[in-house]
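Report on one structure; see the data block that follows.
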Amino acid sequence: MPKRTQKSPGNTTPRKGMPSPKLGEQEFKVRYRQQFADPAFDKLDSELGDIAEVAWQAYADSRKSPRTRKAGPGFADPDYDLSVDWIAARQAIDDAQQRYENRAMPPHVLIINSSSRSEHTCPGEMSKSFRLAELARDAIESNGKLTAEILDLSRLASEYGRNIHPCKACFSTAAPLCHWPCSCYPNHSLGQVQDWMNDIYPLWVAAHGIMVITPVNWYQVSSPLKLMMDRLVCADGGNPDPTLTGGKDAEKAKHVELDGWDYPRHLAGRLFSIVVHGDVEGAENVRHSVSDWLRFMNLAPAGPAAELDRYIGYWKPYATNHQELDIDEAIQGEVRNVALTLAEALMDQRAGRIRIAGSTLEEPRQK
């Protein structure tokens with residue numbers, strides 16, 4: 001790839017007139033203690049005060065990754081102190097890649113339930129998306145030649161300590177600054193911990209096929225799906241060696257990119273299918289959006305029958321939405337067909353009967 005002419009990095013100085021996001025000690029401790037507002041913690045007030053002091057010191061000193069070890073062989077800077085959290089996430093991805101490449105194992109499908117509605121918390125009722133995900137899993141595994149699992153994003157809303165923190169847009173500063181896997185989290189100094197993405201990345205890597213099932217929320221995908229989508233930016237052009245950029249050194253990352261970055265496509269070649277369901281508006285546009293996203297990451301559609309947008313209980317009361325799904329046997333059959341199309345394409349791909357046309361061509365424009 002030819003080197004690009006270096007351009008001005010632009011205005012990277014702090015915005016004038018904007019308050020610093022850094023909290024003072026008093027405000028920090030007030031916010032920290034709010035997570036223990038339950039009166040049951042009152043008897044531990046003294047101990048919590050000591051813990052808040054430790055947390056304040058970690059925050060004041062910006063101890064993002066308090067546990068590190070030397071990167072070692074295989075990295076640009078073997079002497080760099082890498083977060084042990086990141087090292088573990090990278091190892092999980094490497095293990096998943098080995099499973100993906102192991103042809104002795106059956107093709108594997110990751111089915112993503114993107115609705116945040118759950119019977120395990122408010123509103124106390126499962127989602128139609130989850131029901132469709134279970135239907136799809138049964139269809140994919142029906143011939144015994146493939147395996148499937150459901151990534152249930154509703155757990156973000158129903159489980160303690162289950163988070164997907166927002167993307168910080170490192171890629172927009174310079175592609176190599178976005179590390180694969182993401183190194184922005186956990187950030188212990190800010191309390192941005194228990195991030196689910198380090199478990200989710202290997203699920204995507206190990207999968208030969210991805211099936212996304214999402215409702216329409218205000219003409220868009222659901223909020224859990226969007227959080228995951230944004231955090232998967234590192235899977236498409238992200239840097240697998242944080243030592244190359246000195247961690248989060250923006251200027252180093254800019255030089256690396258301008259010297260010629262190859263934008264590695266870490267999920268390229270996987271096949272996908274999509275089901276989008278709505279009640280009154282937006283299903284077709286959301287399907288296009290999800291499909292475009294996956295295609296841009298160099299995943300390939302399993303076929304024309306692998307993408308579906310439908311309305312369930314069109315302009316009917318929300319109170320009867322599950323009954324509408326029960327009686328709509330046509331959409332149930334269509335979802336099965338979407339799943340079976342993905343399964344058939346994966347079996348054909350494994351047998352060498354299909355390949356992704358154009359996948360070996362050099363891209364004239366990188367991401």
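We name chains A, B, ... following the order of the structure tokens; residues begin at 1 in each chain, and ligands are numbered from 1 as shown.
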
Next on the checklist: Need the shell around region 342-356 of chain A: protein/DNA/RNA residues with any atom at most 6 Å away, counting only C-alpha atoms. Skip same-chain ones fewer than 2 positions apart. Format as a PyMOL selection string?
Outcome noted: chain A and resi 140+302+339-340+359

Would you please extract all strand (DSSP E) residues from region 39-106 of chain A, as assigned by DSSP on the backbone, and give them as a compact mmCIF listing (two decimals) with all heavy atoms, in the first residue's frame?
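part12.txt, written as the output of this step:
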# COMPACT_ATOMS: atom_id res chain seq x y z
N THR A 68 -0.48 -5.53 35.03
CA THR A 68 0.14 -5.65 33.71
C THR A 68 1.26 -6.69 33.76
O THR A 68 1.70 -7.12 34.83
CB THR A 68 0.74 -4.31 33.24
OG1 THR A 68 1.78 -3.91 34.15
CG2 THR A 68 -0.32 -3.22 33.18
N ARG A 69 1.70 -7.08 32.56
CA ARG A 69 2.94 -7.86 32.42
C ARG A 69 3.57 -7.51 31.09
O ARG A 69 2.93 -6.93 30.20
CB ARG A 69 2.68 -9.36 32.53
CG ARG A 69 1.97 -10.00 31.37
CD ARG A 69 2.08 -11.51 31.49
NE ARG A 69 1.35 -12.24 30.47
CZ ARG A 69 1.77 -12.46 29.22
NH1 ARG A 69 2.94 -11.96 28.83
NH2 ARG A 69 1.05 -13.16 28.36
N LYS A 70 4.85 -7.84 30.94
CA LYS A 70 5.56 -7.53 29.71
C LYS A 70 4.91 -8.25 28.53
O LYS A 70 4.50 -9.39 28.63
CB LYS A 70 7.03 -7.93 29.83
CG LYS A 70 7.79 -7.23 30.95
CD LYS A 70 7.81 -5.71 30.75
CE LYS A 70 8.61 -5.02 31.86
NZ LYS A 70 8.55 -3.53 31.73
N ASP A 81 4.47 -2.83 28.88
CA ASP A 81 3.61 -3.38 29.92
C ASP A 81 2.16 -3.45 29.41
O ASP A 81 1.48 -2.44 29.33
CB ASP A 81 3.67 -2.53 31.19
CG ASP A 81 5.03 -2.58 31.86
OD1 ASP A 81 5.63 -3.67 31.89
OD2 ASP A 81 5.50 -1.52 32.33
N LEU A 82 1.71 -4.65 29.10
CA LEU A 82 0.36 -4.86 28.59
C LEU A 82 -0.59 -5.24 29.73
O LEU A 82 -0.21 -5.95 30.65
CB LEU A 82 0.34 -5.98 27.55
CG LEU A 82 0.66 -5.62 26.11
CD1 LEU A 82 0.65 -6.88 25.25
CD2 LEU A 82 -0.32 -4.60 25.56
N SER A 83 -1.82 -4.79 29.62
CA SER A 83 -2.84 -5.16 30.59
C SER A 83 -3.08 -6.66 30.57
O SER A 83 -3.22 -7.26 29.50
CB SER A 83 -4.15 -4.42 30.26
OG SER A 83 -5.25 -5.04 30.90

Checklist entry - Within 12 Å of Ile213 (chain A), counting only C-alpha atoms, which residues qualify if same-chain residues fewer than 5 places away don't, as number ranges by chain? => result A: 110-116, 127-137, 150-153, 221-222, 224-225, 272-278, 283, 286-287, 290-291, 306-310, 335, 338-339

Next on the checklist: Using DSSP assignments from the backbone, pull out every residue in region 83-322 of chain A that falls under helix (DSSP H, G or I) and give it to me as number ranges by chain.
Outcome noted: A: 84-101, 128-140, 155-158, 170-172, 175-177, 188-190, 197-206, 223-235, 242-245, 250-258, 283-296, 304-306, 318-322

Checklist entry - Which neighbours of Tyr263 (chain A) fall inside 9 Å, counting only C-alpha atoms, when residues of the same chain fewer than 2 positions from it are skipped, and could you give them as an MDAnalysis selection string? => result chainID A and resid 175:176 236:239 261 265 366:367

Counting only C-alpha atoms, give me one row per residue of region 62-129 of chain A with an atom at most 9 Å from an atom of region 244-251 of chain A, showing the shortest contact pair and its distance in Å to one decimal, sorted by chain then residue number, as JSON lines.
{"residue": "A:Phe75", "atom": "CA", "partner": "A:Leu244", "partner_atom": "CA", "distance": 7.6}
{"residue": "A:Ala76", "atom": "CA", "partner": "A:Leu244", "partner_atom": "CA", "distance": 5.5}
{"residue": "A:Asp77", "atom": "CA", "partner": "A:Leu244", "partner_atom": "CA", "distance": 6.8}
{"residue": "A:Tyr80", "atom": "CA", "partner": "A:Gly246", "partner_atom": "CA", "distance": 7.7}
{"residue": "A:Leu82", "atom": "CA", "partner": "A:Gly247", "partner_atom": "CA", "distance": 8.2}

Next on the checklist: Taking only C-alpha atoms into account, name the residue in A:Gln192, A:Asn102, A:Thr360, A:Gln26 that is nearest to Glu53 (chain A).
Outcome noted: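 Closest to Glu53 (chain A), using only C-alpha atoms: A:Gln26.
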
Next on the checklist: Between CA of Asp199 (chain A) and CA of His165 (chain A), what distance in Å does the model show, to one decimal?
Outcome noted: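 Separation between CA of Asp199 (chain A) and CA of His165 (chain A): 13.2 Å.
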
Checklist entry - Could you state the separation of CA of Trp315 (chain A) and CA of Asn337 (chain A) in Å, given to one decimal place? => result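 It comes out at 25.3 Å.
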
Checklist entry - In Å, how far is it from CA of Pro240 (chain A) to CA of Arg90 (chain A)? => result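 So the two atoms, CA of Pro240 (chain A) and CA of Arg90 (chain A), lie 8.3 Å apart.
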
Next on the checklist: Counting only C-alpha atoms, which residue out of A:Ile164, A:Ala92, A:Ala139, A:Ala305 sits closest to Gln332 (chain A)?
Outcome noted: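 Smallest separation from Gln332 (chain A) among the options: A:Ala139.
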
Checklist entry - With only C-alpha atoms as the atoms that count, which of A:Met229, A:Cys170, A:Val216, A:Ile210 lies nearest to Glu284 (chain A)? => result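 Of A:Met229, A:Cys170, A:Val216, A:Ile210, the one nearest Glu284 (chain A) is A:Val216, counting only C-alpha atoms.
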
Item to check | Distance query Tyr201 (chain A) at most 9 Å, only C-alpha atoms, self and fewer than 3 positions along chain excluded, as a PyMOL selection string | outcome: chain A and resi 89+92-93+96+181+196-198+204-206+232+235

Could those residues be written to a file, using N, CA, C and O atoms, as an mmCIF file, in the first residue's frame?
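Output file result_17.cif is given in full below:
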data_model
loop_
_atom_site.group_PDB
_atom_site.id
_atom_site.type_symbol
_atom_site.label_atom_id
_atom_site.label_comp_id
_atom_site.auth_asym_id
_atom_site.auth_seq_id
_atom_site.Cartn_x
_atom_site.Cartn_y
_atom_site.Cartn_z
ATOM 1 N N ALA A 89 -7.986 -11.515 26.904
ATOM 2 C CA ALA A 89 -8.953 -11.379 25.816
ATOM 3 C C ALA A 89 -8.325 -11.785 24.489
ATOM 4 O O ALA A 89 -8.969 -12.450 23.662
ATOM 5 N N ALA A 92 -8.152 -15.561 24.270
ATOM 6 C CA ALA A 92 -9.463 -16.150 23.996
ATOM 7 C C ALA A 92 -9.801 -16.036 22.509
ATOM 8 O O ALA A 92 -10.381 -16.955 21.910
ATOM 9 N N ILE A 93 -9.432 -14.925 21.888
ATOM 10 C CA ILE A 93 -9.666 -14.745 20.450
ATOM 11 C C ILE A 93 -8.805 -15.709 19.642
ATOM 12 O O ILE A 93 -9.268 -16.318 18.664
ATOM 13 N N ALA A 96 -10.323 -19.060 19.821
ATOM 14 C CA ALA A 96 -11.533 -19.116 18.995
ATOM 15 C C ALA A 96 -11.174 -19.232 17.511
ATOM 16 O O ALA A 96 -11.843 -19.941 16.756
ATOM 17 N N PRO A 181 -8.220 -7.265 20.442
ATOM 18 C CA PRO A 181 -9.518 -6.748 20.883
ATOM 19 C C PRO A 181 -9.394 -5.364 21.511
ATOM 20 O O PRO A 181 -8.296 -4.897 21.787
ATOM 21 N N TRP A 196 -18.641 -6.845 28.767
ATOM 22 C CA TRP A 196 -18.995 -8.142 28.183
ATOM 23 C C TRP A 196 -18.258 -8.416 26.876
ATOM 24 O O TRP A 196 -18.165 -9.566 26.433
ATOM 25 N N MET A 197 -17.750 -7.393 26.226
ATOM 26 C CA MET A 197 -17.207 -7.574 24.881
ATOM 27 C C MET A 197 -16.031 -8.544 24.834
ATOM 28 O O MET A 197 -15.846 -9.234 23.818
ATOM 29 N N ASN A 198 -15.256 -8.637 25.892
ATOM 30 C CA ASN A 198 -14.139 -9.586 25.860
ATOM 31 C C ASN A 198 -14.614 -11.027 25.794
ATOM 32 O O ASN A 198 -13.866 -11.917 25.378
ATOM 33 N N TRP A 204 -17.875 -14.341 18.095
ATOM 34 C CA TRP A 204 -17.880 -13.969 16.684
ATOM 35 C C TRP A 204 -16.757 -14.666 15.928
ATOM 36 O O TRP A 204 -16.957 -15.148 14.806
ATOM 37 N N VAL A 205 -15.587 -14.710 16.525
ATOM 38 C CA VAL A 205 -14.434 -15.291 15.834
ATOM 39 C C VAL A 205 -14.643 -16.774 15.576
ATOM 40 O O VAL A 205 -14.291 -17.296 14.508
ATOM 41 N N ALA A 206 -15.194 -17.503 16.537
ATOM 42 C CA ALA A 206 -15.367 -18.949 16.408
ATOM 43 C C ALA A 206 -16.489 -19.318 15.448
ATOM 44 O O ALA A 206 -16.556 -20.452 14.972
ATOM 45 N N LEU A 232 -17.559 -3.565 17.808
ATOM 46 C CA LEU A 232 -16.945 -4.487 16.848
ATOM 47 C C LEU A 232 -16.152 -3.757 15.771
ATOM 48 O O LEU A 232 -15.633 -4.392 14.852
ATOM 49 N N ALA A 235 -12.822 -5.148 15.063
ATOM 50 C CA ALA A 235 -12.732 -6.392 14.310
ATOM 51 C C ALA A 235 -12.528 -6.139 12.828
ATOM 52 O O ALA A 235 -12.252 -7.064 12.073
#

Item to check | Shortest interatomic distance to Asp195 (chain A) - which of A:Gly209, A:Pro66, A:Pro264, A:Gly161, counting only C-alpha atoms | outcome: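 The closest residue to Asp195 (chain A) is A:Gly161.
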
Checklist entry - Contacts of Lys168 (chain A) at 12 Å or less, counting only C-alpha atoms, minus same-chain residues fewer than 3 places along, as a PyMOL selection string? => result chain A and resi 165+171-173+177-179+182-185+227+230-234+248

Compile the contact shell of Gln220 (chain A) as a PDB file with all heavy atoms, in the first residue's frame: residues with an atom at most 9 Å away, counting only C-alpha atoms, same-chain residues fewer than 3 positions apart removed.
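What ended up in around.pdb:
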ATOM      1  N   PRO A 215     -35.477  -6.519  16.757  1.00  0.00           N
ATOM      2  CA  PRO A 215     -36.695  -5.726  16.559  1.00  0.00           C
ATOM      3  C   PRO A 215     -36.314  -4.355  16.010  1.00  0.00           C
ATOM      4  O   PRO A 215     -35.138  -3.990  15.950  1.00  0.00           O
ATOM      5  CB  PRO A 215     -37.255  -5.607  17.982  1.00  0.00           C
ATOM      6  CG  PRO A 215     -36.021  -5.594  18.845  1.00  0.00           C
ATOM      7  CD  PRO A 215     -35.034  -6.516  18.162  1.00  0.00           C
ATOM      8  N   VAL A 216     -37.320  -3.603  15.615  1.00  0.00           N
ATOM      9  CA  VAL A 216     -37.128  -2.207  15.231  1.00  0.00           C
ATOM     10  C   VAL A 216     -37.443  -1.347  16.442  1.00  0.00           C
ATOM     11  O   VAL A 216     -38.541  -1.414  16.992  1.00  0.00           O
ATOM     12  CB  VAL A 216     -38.046  -1.817  14.060  1.00  0.00           C
ATOM     13  CG1 VAL A 216     -37.867  -0.345  13.707  1.00  0.00           C
ATOM     14  CG2 VAL A 216     -37.768  -2.691  12.847  1.00  0.00           C
ATOM     15  N   ASN A 217     -36.482  -0.541  16.861  1.00  0.00           N
ATOM     16  CA  ASN A 217     -36.688   0.405  17.960  1.00  0.00           C
ATOM     17  C   ASN A 217     -36.490   1.822  17.420  1.00  0.00           C
ATOM     18  O   ASN A 217     -35.357   2.220  17.141  1.00  0.00           O
ATOM     19  CB  ASN A 217     -35.706   0.140  19.108  1.00  0.00           C
ATOM     20  CG  ASN A 217     -36.025  -1.119  19.866  1.00  0.00           C
ATOM     21  OD1 ASN A 217     -37.009  -1.793  19.593  1.00  0.00           O
ATOM     22  ND2 ASN A 217     -35.186  -1.464  20.826  1.00  0.00           N
ATOM     23  N   SER A 223     -30.916  -0.906  21.171  1.00  0.00           N
ATOM     24  CA  SER A 223     -29.739  -0.317  21.806  1.00  0.00           C
ATOM     25  C   SER A 223     -28.675  -1.365  22.156  1.00  0.00           C
ATOM     26  O   SER A 223     -27.475  -1.089  21.984  1.00  0.00           O
ATOM     27  CB  SER A 223     -30.135   0.498  23.036  1.00  0.00           C
ATOM     28  OG  SER A 223     -30.942  -0.240  23.922  1.00  0.00           O
ATOM     29  N   LYS A 226     -26.776  -2.075  18.930  1.00  0.00           N
ATOM     30  CA  LYS A 226     -25.948  -0.941  18.496  1.00  0.00           C
ATOM     31  C   LYS A 226     -24.690  -0.829  19.333  1.00  0.00           C
ATOM     32  O   LYS A 226     -23.605  -0.520  18.811  1.00  0.00           O
ATOM     33  CB  LYS A 226     -26.745   0.360  18.568  1.00  0.00           C
ATOM     34  CG  LYS A 226     -26.017   1.554  17.933  1.00  0.00           C
ATOM     35  CD  LYS A 226     -25.697   1.279  16.475  1.00  0.00           C
ATOM     36  CE  LYS A 226     -25.220   2.529  15.727  1.00  0.00           C
ATOM     37  NZ  LYS A 226     -23.937   3.036  16.161  1.00  0.00           N
ATOM     38  N   GLY A 282     -40.277   0.876   9.684  1.00  0.00           N
ATOM     39  CA  GLY A 282     -38.824   0.823   9.767  1.00  0.00           C
ATOM     40  C   GLY A 282     -38.131  -0.489   9.514  1.00  0.00           C
ATOM     41  O   GLY A 282     -36.897  -0.529   9.477  1.00  0.00           O
ATOM     42  N   ALA A 283     -38.851  -1.591   9.331  1.00  0.00           N
ATOM     43  CA  ALA A 283     -38.188  -2.897   9.261  1.00  0.00           C
ATOM     44  C   ALA A 283     -37.250  -3.014   8.066  1.00  0.00           C
ATOM     45  O   ALA A 283     -36.136  -3.524   8.186  1.00  0.00           O
ATOM     46  CB  ALA A 283     -39.240  -4.007   9.224  1.00  0.00           C
ATOM     47  N   ASN A 285     -35.659  -0.637   6.362  1.00  0.00           N
ATOM     48  CA  ASN A 285     -34.467   0.194   6.512  1.00  0.00           C
ATOM     49  C   ASN A 285     -33.486  -0.402   7.511  1.00  0.00           C
ATOM     50  O   ASN A 285     -32.270  -0.337   7.312  1.00  0.00           O
ATOM     51  CB  ASN A 285     -34.858   1.610   6.941  1.00  0.00           C
ATOM     52  CG  ASN A 285     -35.543   2.384   5.840  1.00  0.00           C
ATOM     53  OD1 ASN A 285     -35.385   2.059   4.665  1.00  0.00           O
ATOM     54  ND2 ASN A 285     -36.321   3.399   6.203  1.00  0.00           N
ATOM     55  N   VAL A 286     -34.005  -0.970   8.597  1.00  0.00           N
ATOM     56  CA  VAL A 286     -33.115  -1.592   9.585  1.00  0.00           C
ATOM     57  C   VAL A 286     -32.422  -2.802   8.975  1.00  0.00           C
ATOM     58  O   VAL A 286     -31.225  -3.023   9.210  1.00  0.00           O
ATOM     59  CB  VAL A 286     -33.896  -1.963  10.861  1.00  0.00           C
ATOM     60  CG1 VAL A 286     -33.048  -2.835  11.779  1.00  0.00           C
ATOM     61  CG2 VAL A 286     -34.333  -0.709  11.598  1.00  0.00           C
ATOM     62  N   SER A 289     -29.619  -1.599   6.916  1.00  0.00           N
ATOM     63  CA  SER A 289     -28.546  -1.077   7.756  1.00  0.00           C
ATOM     64  C   SER A 289     -27.674  -2.202   8.314  1.00  0.00           C
ATOM     65  O   SER A 289     -26.434  -2.137   8.261  1.00  0.00           O
ATOM     66  CB  SER A 289     -29.142  -0.256   8.904  1.00  0.00           C
ATOM     67  OG  SER A 289     -28.137   0.177   9.794  1.00  0.00           O
TER      68      SER A 289
END
